[in-house]
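Have a look at protein.cif below; it lists mmCIF, C-alpha atoms.
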data_coords
loop_
_atom_site.label_atom_id
_atom_site.label_comp_id
_atom_site.auth_asym_id
_atom_site.auth_seq_id
_atom_site.Cartn_x
_atom_site.Cartn_y
_atom_site.Cartn_z
CA MET A 1 109.60 148.70 42.79
CA PRO A 2 106.00 147.65 43.44
CA VAL A 3 105.41 144.56 45.52
CA THR A 4 104.67 141.72 43.10
CA GLY A 5 103.14 138.26 43.36
CA LYS A 6 99.70 137.07 44.32
CA SER A 7 98.42 137.39 47.85
CA LYS A 8 95.20 136.40 49.55
CA PRO A 9 92.59 139.19 49.27
CA PHE A 10 91.81 141.10 52.45
CA PHE A 11 88.26 142.41 52.24
CA VAL A 12 86.85 145.50 53.92
CA ARG A 13 83.23 146.66 54.18
CA VAL A 14 82.60 150.37 53.68
CA LEU A 15 79.37 152.22 54.42
CA VAL A 16 78.88 154.32 51.27
CA SER A 17 75.26 155.49 51.63
CA GLU A 18 72.65 155.65 54.40
CA ASN A 19 69.22 157.04 55.31
CA ARG A 20 67.91 156.51 51.78
CA THR A 21 64.27 156.08 50.76
CA PHE A 22 65.54 154.41 47.57
CA ILE A 23 68.85 153.59 45.89
CA GLN A 24 69.44 153.87 42.16
CA LEU A 25 71.61 151.09 40.72
CA THR A 26 73.43 150.62 37.44
CA VAL A 27 75.60 147.72 36.27
CA LYS A 28 77.17 148.17 32.83
CA LYS A 29 77.37 144.47 31.89
CA LYS A 30 76.52 141.10 33.45
CA TYR A 31 75.50 140.90 37.10
CA LEU A 32 73.69 138.75 39.61
CA ILE A 33 71.64 139.47 42.71
CA ARG A 34 71.65 137.35 45.88
CA LEU A 35 69.27 137.47 48.81
CA LEU A 36 70.54 137.49 52.38
CA PRO A 37 70.96 135.58 54.56
CA SER A 38 70.36 132.57 52.23
CA ALA A 39 72.75 133.75 49.43
CA LYS A 40 70.13 132.51 46.96
CA ILE A 41 70.54 133.92 43.44
CA VAL A 42 67.25 135.55 42.36
CA ARG A 43 68.33 137.41 39.25
CA VAL A 44 71.02 137.12 36.58
CA GLY A 45 71.10 139.86 33.99
CA ASP A 46 73.14 141.41 31.19
CA GLN A 47 72.67 145.02 32.26
CA LEU A 48 71.01 147.10 34.96
CA THR A 49 70.27 150.70 34.02
CA GLY A 50 69.27 153.13 36.73
CA GLU A 51 66.75 150.85 38.45
CA ARG A 52 65.38 151.95 41.81
CA LEU A 53 65.73 149.67 44.80
CA SER A 54 63.14 150.48 47.47
CA PRO A 55 62.34 149.00 50.90
CA THR A 56 59.10 147.07 51.45
CA ALA A 57 57.47 145.79 54.64
CA ASN A 58 59.28 142.43 54.40
CA GLY A 59 62.16 143.07 52.07
CA PHE A 60 63.00 144.96 48.87
CA ARG A 61 61.57 145.89 45.48
CA LEU A 62 63.70 146.33 42.37
CA GLY A 63 61.72 147.32 39.32
CA ARG A 64 58.72 144.99 39.18
CA GLU A 65 60.25 142.30 41.36
CA GLU A 66 59.85 142.07 45.12
CA TRP A 67 61.83 139.84 47.47
CA VAL A 68 61.54 138.87 51.13
CA ALA A 69 65.04 139.22 52.57
CA SER A 70 67.14 140.94 55.23
CA GLY A 71 69.46 142.30 52.55
CA ILE A 72 70.45 141.95 48.92
CA THR A 73 73.88 141.81 47.27
CA ILE A 74 74.63 142.99 43.73
CA GLU A 75 77.66 141.24 42.20
CA PRO A 76 78.91 142.62 38.86
CA GLY A 77 80.51 140.22 36.41
CA GLU A 78 83.46 142.58 35.87
CA ASP A 79 85.24 144.97 38.20
CA ARG A 80 84.22 148.65 38.14
CA ASP A 81 80.93 147.97 36.32
CA LEU A 82 78.80 148.85 39.37
CA TYR A 83 77.33 152.31 40.01
CA LEU A 84 75.35 153.70 42.92
CA GLU A 85 73.85 156.87 41.47
CA ASP A 86 76.85 158.55 39.78
CA THR A 87 79.59 156.92 41.87
CA ARG A 88 81.44 153.94 40.45
CA PHE A 89 82.58 151.10 42.70
CA ARG A 90 84.82 148.11 42.62
CA GLY A 91 83.70 144.92 44.39
CA ASN A 92 80.13 144.14 45.46
CA LEU A 93 77.37 146.22 46.98
CA THR A 94 75.04 145.00 49.73
CA ILE A 95 71.93 146.93 50.72
CA PHE A 96 70.27 146.57 54.12
CA LYS A 97 67.38 148.25 55.93
CA GLN A 98 67.96 150.47 58.95
CA PRO A 99 65.67 150.11 61.99
CA ASN A 100 63.70 153.14 60.70
CA GLY A 101 63.03 151.35 57.40
CA LEU A 102 65.43 153.45 55.31
CA LEU A 103 68.22 151.89 53.26
CA TYR A 104 71.97 151.82 53.66
CA ALA A 105 74.59 150.42 51.28
CA VAL A 106 77.89 148.67 52.06
CA ASN A 107 80.65 148.25 49.50
CA ARG A 108 82.69 145.05 50.04
CA LEU A 109 86.01 145.00 48.22
CA ASP A 110 89.68 144.11 48.52
CA ILE A 111 91.61 146.51 50.74
CA GLU A 112 94.04 147.47 47.97
CA ASP A 113 91.13 148.43 45.69
CA TYR A 114 89.61 150.34 48.61
CA LEU A 115 92.81 152.35 49.04
CA TYR A 116 92.70 153.32 45.36
CA GLY A 117 89.52 155.23 46.25
CA VAL A 118 90.93 156.72 49.48
CA LEU A 119 94.31 158.26 48.68
CA HIS A 120 93.20 160.93 46.21
CA HIS A 121 90.70 162.17 48.81
CA GLU A 122 93.27 162.31 51.62
CA VAL A 123 96.27 163.81 49.79
CA ALA A 124 96.90 165.52 46.45
CA HIS A 125 97.86 163.10 43.69
CA TRP A 126 100.70 165.41 42.58
CA TRP A 127 102.55 165.17 45.90
CA PRO A 128 105.95 163.40 45.91
CA MET A 129 105.67 159.62 45.68
CA GLU A 130 107.29 159.08 49.12
CA ALA A 131 104.54 161.18 50.72
CA LEU A 132 101.87 159.19 48.88
CA LYS A 133 103.44 155.90 49.96
CA ALA A 134 103.53 157.00 53.61
CA GLN A 135 99.82 157.89 53.40
CA ALA A 136 99.03 154.56 51.73
CA VAL A 137 100.64 152.55 54.56
CA ALA A 138 98.93 154.63 57.26
CA ALA A 139 95.53 154.34 55.56
CA ARG A 140 95.95 150.58 55.04
CA THR A 141 96.92 150.11 58.69
CA TYR A 142 93.90 152.07 59.88
CA ALA A 143 91.56 150.07 57.64
CA ILE A 144 92.94 146.73 58.80
CA TYR A 145 92.58 147.76 62.43
CA GLN A 146 88.99 148.89 61.90
CA SER A 147 88.11 145.61 60.19
CA GLN A 148 89.45 143.71 63.20
CA VAL A 149 87.42 145.65 65.76
CA SER A 150 84.23 145.77 63.66
CA LYS A 151 83.72 142.08 62.92
CA ALA A 152 80.33 141.98 64.66
CA ALA A 153 79.12 145.19 62.96
CA PRO A 154 77.52 145.40 59.49
CA TYR A 155 80.45 147.46 58.18
CA ASP A 156 84.07 148.23 59.06
CA LEU A 157 84.48 151.82 57.87
CA LYS A 158 82.47 154.82 56.80
CA SER A 159 83.22 156.78 53.64
CA GLY A 160 83.52 160.18 55.34
CA THR A 161 85.83 161.99 57.74
CA SER A 162 84.77 159.88 60.74
CA SER A 163 86.81 157.05 59.17
CA GLN A 164 88.71 157.83 55.96
CA MET A 165 87.46 159.71 52.93
CA TYR A 166 86.49 157.19 50.24
CA GLY A 167 84.98 158.02 46.86
CA GLY A 168 84.82 154.66 45.10
CA SER A 169 86.70 154.05 41.86
CA THR A 170 85.39 157.33 40.41
CA VAL A 171 88.19 159.26 42.16
CA GLU A 172 91.11 156.97 41.37
CA ARG A 173 94.25 158.64 40.01
CA TYR A 174 97.33 157.11 38.39
CA ARG A 175 99.96 158.29 40.92
CA THR A 176 97.93 157.52 44.05
CA LYS A 177 97.20 154.03 42.67
CA LYS A 178 100.94 153.59 42.10
CA ALA A 179 101.61 154.48 45.74
CA VAL A 180 99.16 151.77 46.83
CA ASP A 181 100.80 149.25 44.49
CA TYR A 182 104.33 150.12 45.64
CA THR A 183 103.37 149.44 49.27
CA LYS A 184 100.98 146.54 48.66
CA GLY A 185 100.23 144.62 51.87
CA GLN A 186 102.43 146.82 54.07
CA ALA A 187 100.99 147.82 57.44
CA LEU A 188 102.33 149.31 60.66
CA THR A 189 102.50 147.12 63.76
CA TYR A 190 103.40 147.66 67.39
CA GLN A 191 104.39 144.67 69.53
CA GLY A 192 103.24 142.44 66.69
CA LYS A 193 99.76 143.96 66.37
CA VAL A 194 98.16 146.43 63.98
CA PHE A 195 97.05 149.64 65.72
CA PRO A 196 94.81 152.58 64.73
CA ALA A 197 97.27 154.60 62.63
CA TYR A 198 95.47 157.93 62.88
CA PHE A 199 96.46 160.84 60.65
CA HIS A 200 95.48 164.47 60.22
CA ALA A 201 96.19 167.46 58.00
CA THR A 202 98.53 169.73 60.01
CA CYS A 203 99.93 169.31 63.53
CA ALA A 204 101.45 172.85 63.64
CA GLY A 205 104.57 171.89 65.56
CA MET A 206 103.75 168.88 67.71
CA THR A 207 101.51 165.84 67.40
CA ALA A 208 98.83 165.11 69.98
CA GLY A 209 98.44 161.86 71.90
CA ALA A 210 95.52 159.56 71.18
CA GLN A 211 94.94 159.38 74.95
CA GLU A 212 94.11 163.11 74.86
CA LEU A 213 90.99 162.38 72.81
CA TRP A 214 90.10 158.69 73.09
CA ASN A 215 90.59 155.73 75.39
CA VAL A 216 93.74 154.62 73.56
CA ASN A 217 97.23 154.56 75.01
CA LEU A 218 99.84 153.12 72.64
CA GLN A 219 103.40 154.33 72.13
CA PRO A 220 103.23 154.96 68.34
CA ILE A 221 100.25 157.32 68.75
CA SER A 222 101.07 158.77 72.17
CA GLY A 223 102.01 162.14 70.67
CA GLY A 224 104.77 164.57 71.51
CA VAL A 225 106.47 164.23 68.11
CA LYS A 226 108.04 167.55 67.15
CA CYS A 227 107.33 168.50 63.55
CA SER A 228 108.68 171.60 61.82
CA TYR A 229 107.91 170.24 58.36
CA CYS A 230 104.28 171.36 58.17
CA ARG A 231 105.07 175.07 58.21
CA ILE A 232 104.37 175.01 54.48
CA SER A 233 100.75 174.15 55.22
CA PRO A 234 98.10 176.78 54.43
CA HIS A 235 96.39 175.57 57.61
CA PHE A 236 99.35 176.21 59.94
CA TYR A 237 97.55 179.35 61.16
CA TRP A 238 93.81 179.95 61.03
CA GLN A 239 91.18 182.37 62.25
CA ALA A 240 87.48 181.91 62.92
CA ARG A 241 84.69 184.26 63.98
CA VAL A 242 81.63 182.56 65.47
CA PRO A 243 78.44 184.36 66.53
CA LEU A 244 77.80 183.96 70.25
CA SER A 245 74.15 183.27 69.43
CA ALA A 246 75.19 180.12 67.52
CA ILE A 247 77.15 178.83 70.53
CA GLU A 248 74.27 179.70 72.89
CA MET A 249 71.85 177.79 70.67
CA ARG A 250 74.11 174.71 70.71
CA LEU A 251 74.42 174.89 74.50
CA ASN A 252 70.64 175.11 74.81
CA LYS A 253 70.15 172.04 72.59
CA SER A 254 72.60 170.05 74.72
CA GLY A 255 70.80 170.99 77.94
CA ARG A 256 73.67 173.14 79.19
CA SER A 257 72.24 176.62 78.81
CA VAL A 258 74.29 179.39 80.40
CA GLY A 259 72.14 182.29 79.30
CA GLN A 260 73.81 185.05 77.33
CA ILE A 261 77.54 184.31 76.97
CA LEU A 262 79.86 186.74 78.75
CA LYS A 263 83.20 184.93 78.62
CA ILE A 264 84.90 181.89 77.00
CA GLU A 265 88.25 180.87 78.40
CA PRO A 266 90.50 177.78 78.25
CA VAL A 267 90.85 176.17 81.69
CA SER A 268 93.11 173.21 80.89
CA LYS A 269 95.76 172.21 78.36
CA THR A 270 96.70 168.80 76.99
CA PRO A 271 100.30 167.52 77.10
CA SER A 272 100.71 168.59 73.45
CA GLY A 273 99.70 172.18 74.28
CA ARG A 274 96.19 172.08 72.86
CA VAL A 275 93.13 173.27 74.77
CA GLY A 276 91.71 170.47 76.91
CA SER A 277 88.58 172.16 78.23
CA LEU A 278 86.78 175.50 78.10
CA LYS A 279 84.79 177.38 80.69
CA ILE A 280 81.84 179.29 79.25
CA THR A 281 80.43 181.92 81.61
CA GLY A 282 76.94 183.25 80.98
CA THR A 283 74.38 185.49 82.59
CA SER A 284 72.68 182.56 84.36
CA GLN A 285 75.51 180.08 85.04
CA GLU A 286 78.74 178.64 83.70
CA ALA A 287 79.67 175.34 82.02
CA VAL A 288 82.95 173.48 81.47
CA ILE A 289 83.14 171.70 78.11
CA ALA A 290 85.79 169.51 76.49
CA ALA A 291 87.45 171.45 73.67
CA LYS A 292 87.16 168.47 71.30
CA ASP A 293 83.36 168.49 71.79
CA PHE A 294 83.19 172.26 71.43
CA ARG A 295 85.04 171.98 68.10
CA VAL A 296 82.46 169.48 66.84
CA TRP A 297 79.66 171.85 67.85
CA VAL A 298 81.18 174.79 66.00
CA GLY A 299 82.25 172.68 63.00
CA GLY A 300 85.62 171.15 62.22
CA ASP A 301 86.06 173.05 58.95
CA LEU A 302 85.55 176.38 60.71
CA MET A 303 87.35 175.64 63.95
CA LYS A 304 90.21 173.65 62.50
CA SER A 305 91.83 172.39 65.71
CA THR A 306 91.80 172.66 69.50
CA ASN A 307 95.08 174.59 69.45
CA PHE A 308 93.68 178.10 69.81
CA THR A 309 93.13 181.25 71.83
CA VAL A 310 89.73 182.94 72.03
CA GLU A 311 88.50 186.46 72.65
CA ILE A 312 84.96 187.84 72.77
CA LYS A 313 84.39 190.99 70.73
CA GLU A 314 80.84 192.33 70.87
CA ASP A 315 78.58 189.51 69.66
CA LEU A 316 81.35 187.30 68.25
CA ALA A 317 83.86 184.79 69.57
CA GLU A 318 87.12 185.30 67.71
CA PHE A 319 89.51 182.33 67.55
CA GLN A 320 93.18 182.40 66.57
CA GLY A 321 94.47 178.90 66.01
CA ARG A 322 97.11 176.62 64.56
CA GLY A 323 96.88 173.32 62.69
CA TRP A 324 94.03 171.32 61.21
CA GLY A 325 92.66 168.10 62.61
CA HIS A 326 92.93 166.14 65.84
CA GLY A 327 96.73 166.14 65.67
CA VAL A 328 97.25 162.42 66.33
CA GLY A 329 99.67 160.31 64.28
CA LEU A 330 100.85 161.22 60.81
CA CYS A 331 100.84 164.91 59.87
CA GLN A 332 99.98 165.01 56.16
CA TRP A 333 101.49 168.40 55.40
CA GLY A 334 104.52 167.44 57.47
CA THR A 335 104.78 164.32 55.34
CA LEU A 336 104.80 166.54 52.25
CA GLY A 337 107.51 168.72 53.77
CA GLN A 338 109.70 165.72 54.54
CA ALA A 339 109.19 164.16 51.12
CA LEU A 340 110.14 167.44 49.44
CA GLY A 341 113.31 167.31 51.54
CA GLY A 342 114.19 163.86 50.24
CA LYS A 343 112.96 161.67 53.11
CA ALA A 344 111.86 158.10 52.29
CA TYR A 345 108.36 156.97 53.29
CA LYS A 346 109.67 154.47 55.85
CA ASP A 347 111.59 157.22 57.65
CA ILE A 348 108.53 159.49 57.56
CA LEU A 349 106.40 156.78 59.15
CA LYS A 350 109.08 156.07 61.76
CA LEU A 351 108.98 159.72 62.87
CA TYR A 352 105.20 159.94 63.28
CA TYR A 353 104.65 156.44 64.71
CA PRO A 354 107.65 155.90 67.01
CA GLY A 355 108.21 152.30 68.10
CA SER A 356 106.26 150.86 65.18
CA PHE A 357 107.45 148.56 62.41
CA ILE A 358 106.35 148.06 58.81
CA SER A 359 105.14 144.49 58.40
CA GLN A 360 104.16 142.71 55.20
#
Here is a file; write its structure as structure tokens.
Amino acid sequence: MPVTGKSKPFFVRVLVSENRTFIQLTVKKKYLIRLLPSAKIVRVGDQLTGERLSPTANGFRLGREEWVASGITIEPGEDRDLYLEDTRFRGNLTIFKQPNGLLYAVNRLDIEDYLYGVLHHEVAHWWPMEALKAQAVAARTYAIYQSQVSKAAPYDLKSGTSSQMYGGSTVERYRTKKAVDYTKGQALTYQGKVFPAYFHATCAGMTAGAQELWNVNLQPISGGVKCSYCRISPHFYWQARVPLSAIEMRLNKSGRSVGQILKIEPVSKTPSGRVGSLKITGTSQEAVIAAKDFRVWVGGDLMKSTNFTVEIKEDLAEFQGRGWGHGVGLCQWGTLGQALGGKAYKDILKLYYPGSFISQ
């Protein structure tokens, strides 16, 4: 049954747009606009239809009005009445100026409403409910952790893959919303504290440790969890062919030119069996590069993980790999496999985050 009863809202701030010369705003019904930092109300209206908000030397211009402010907040009278371009949002929207004068927008909303806009992006809404519930708890835990470590920043999370995919209320689906409701307020803790509950698409046999990629060393995300459940994933095996010229160009841009590439070979492995670093030998010199950085250079959608072998054939680097993502924490396709086998979401979470507890 869903968790019932009222609870104090827990707000998160999500960066939903940046580097904009203008932002187009729509509010279907009543709204008000406040200036920051004073919180002074400068406009109350019945409807806002596709008006352009632009930066000025000292503030912002909306339609014919211009205000001196460090930011402005648009507060709709009713939930889900606010649009930024074609994307619909719950909560409020605050627009600030970047140091370069361009605009960025931050959506502030309750964490449960935020998760409504996350789950359908992270997992398929038709997956078994226990898989959806496991993803909801992991995503909530990650968001809470990020809000705790980002208090001094203008936002807690981004809306892309560097945080969690978030598409506003436009992407909400019935079953993923139900999963959020069923687990309302539940988060993972370790030694009484929320931790970054990372997740990824497919671990391909064993999860990686957070310490392999970042300066984080906590038992629930230390890796080494054996997972045979993600064999159903279409990303369990992958192949990629990358022109050597593209890699040479990226090396040149980073100031690590090796000339014409002759050889690429793994020189270290992580405890989870992934490639730790690569040695690239060229006609002028050689360079050793962390595999996680190399993957970013090539592109994470092309080079799906750092669990690979590589061979040079003529003017191409051919990669044979397994898994998709960084490999830390919850394996989404493994979660699907377990749920299809009848596992409950609490047991799924216990496998991928050993030593953790679900707290309300």
Evaluate the PyMOL selection byres ((chain A and resi 140) around 9) on the structure here and hand back the selected residues as an MDAnalysis selection string.
chainID A and resid 111:112 115 135:139 141:145 180 185:188 197
Restricting the output to C-alpha atoms, write the selected residues as a tab-separated table (two decimals), in the frame of the given file.
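File produced: part.tsv:
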chain	number	residue	atom	x	y	z
A	111	ILE	CA	91.61	146.51	50.74
A	112	GLU	CA	94.04	147.47	47.97
A	115	LEU	CA	92.81	152.35	49.04
A	135	GLN	CA	99.82	157.89	53.40
A	136	ALA	CA	99.03	154.56	51.73
A	137	VAL	CA	100.64	152.55	54.56
A	138	ALA	CA	98.93	154.63	57.26
A	139	ALA	CA	95.53	154.34	55.56
A	141	THR	CA	96.92	150.11	58.69
A	142	TYR	CA	93.90	152.07	59.88
A	143	ALA	CA	91.56	150.07	57.64
A	144	ILE	CA	92.94	146.73	58.80
A	145	TYR	CA	92.58	147.76	62.43
A	180	VAL	CA	99.16	151.77	46.83
A	185	GLY	CA	100.23	144.62	51.87
A	186	GLN	CA	102.43	146.82	54.07
A	187	ALA	CA	100.99	147.82	57.44
A	188	LEU	CA	102.33	149.31	60.66
A	197	ALA	CA	97.27	154.60	62.63
List the neighbours of region 97-102 of chain A out to 6 Å using only C-alpha atoms; skip same-chain residues closer than 5 positions along the sequence, and give me the result as an NGL selection string.
:A and (19-21)
Excluding Gly205 (chain A) and any residue of its chain fewer than 5 positions from it, enumerate the residues within 7 Å of it, using only C-alpha atoms, and give them as a PyMOL selection string.
chain A and resi 226-228
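Nearest residue to Ser70 (chain A), choosing from A:His326, A:Asp46, A:Phe96, A:Phe319 and counting all atoms listed in the file: A:Phe96.
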Using only C-alpha atoms, which of the listed residues (A:Tyr345, A:Lys292, A:Gly259, A:Leu316) sits closest to Leu132 (chain A)?
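Residue with the minimum atom-to-atom distance to Leu132 (chain A): A:Tyr345.
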Give me, please, the distance in Å between CA of Gly59 (chain A) and CA of Lys158 (chain A), quoted to one decimal.
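Taking CA of Gly59 (chain A) and CA of Lys158 (chain A), their separation equals 23.9 Å.
Taking all atoms listed in the file into account, the polymer residues that have an atom no farther than 9 Å from (79.9, 150.9, 30.7) are A:Val27, A:Lys28, A:Lys29, A:Arg80, A:Asp81, A:Leu82.
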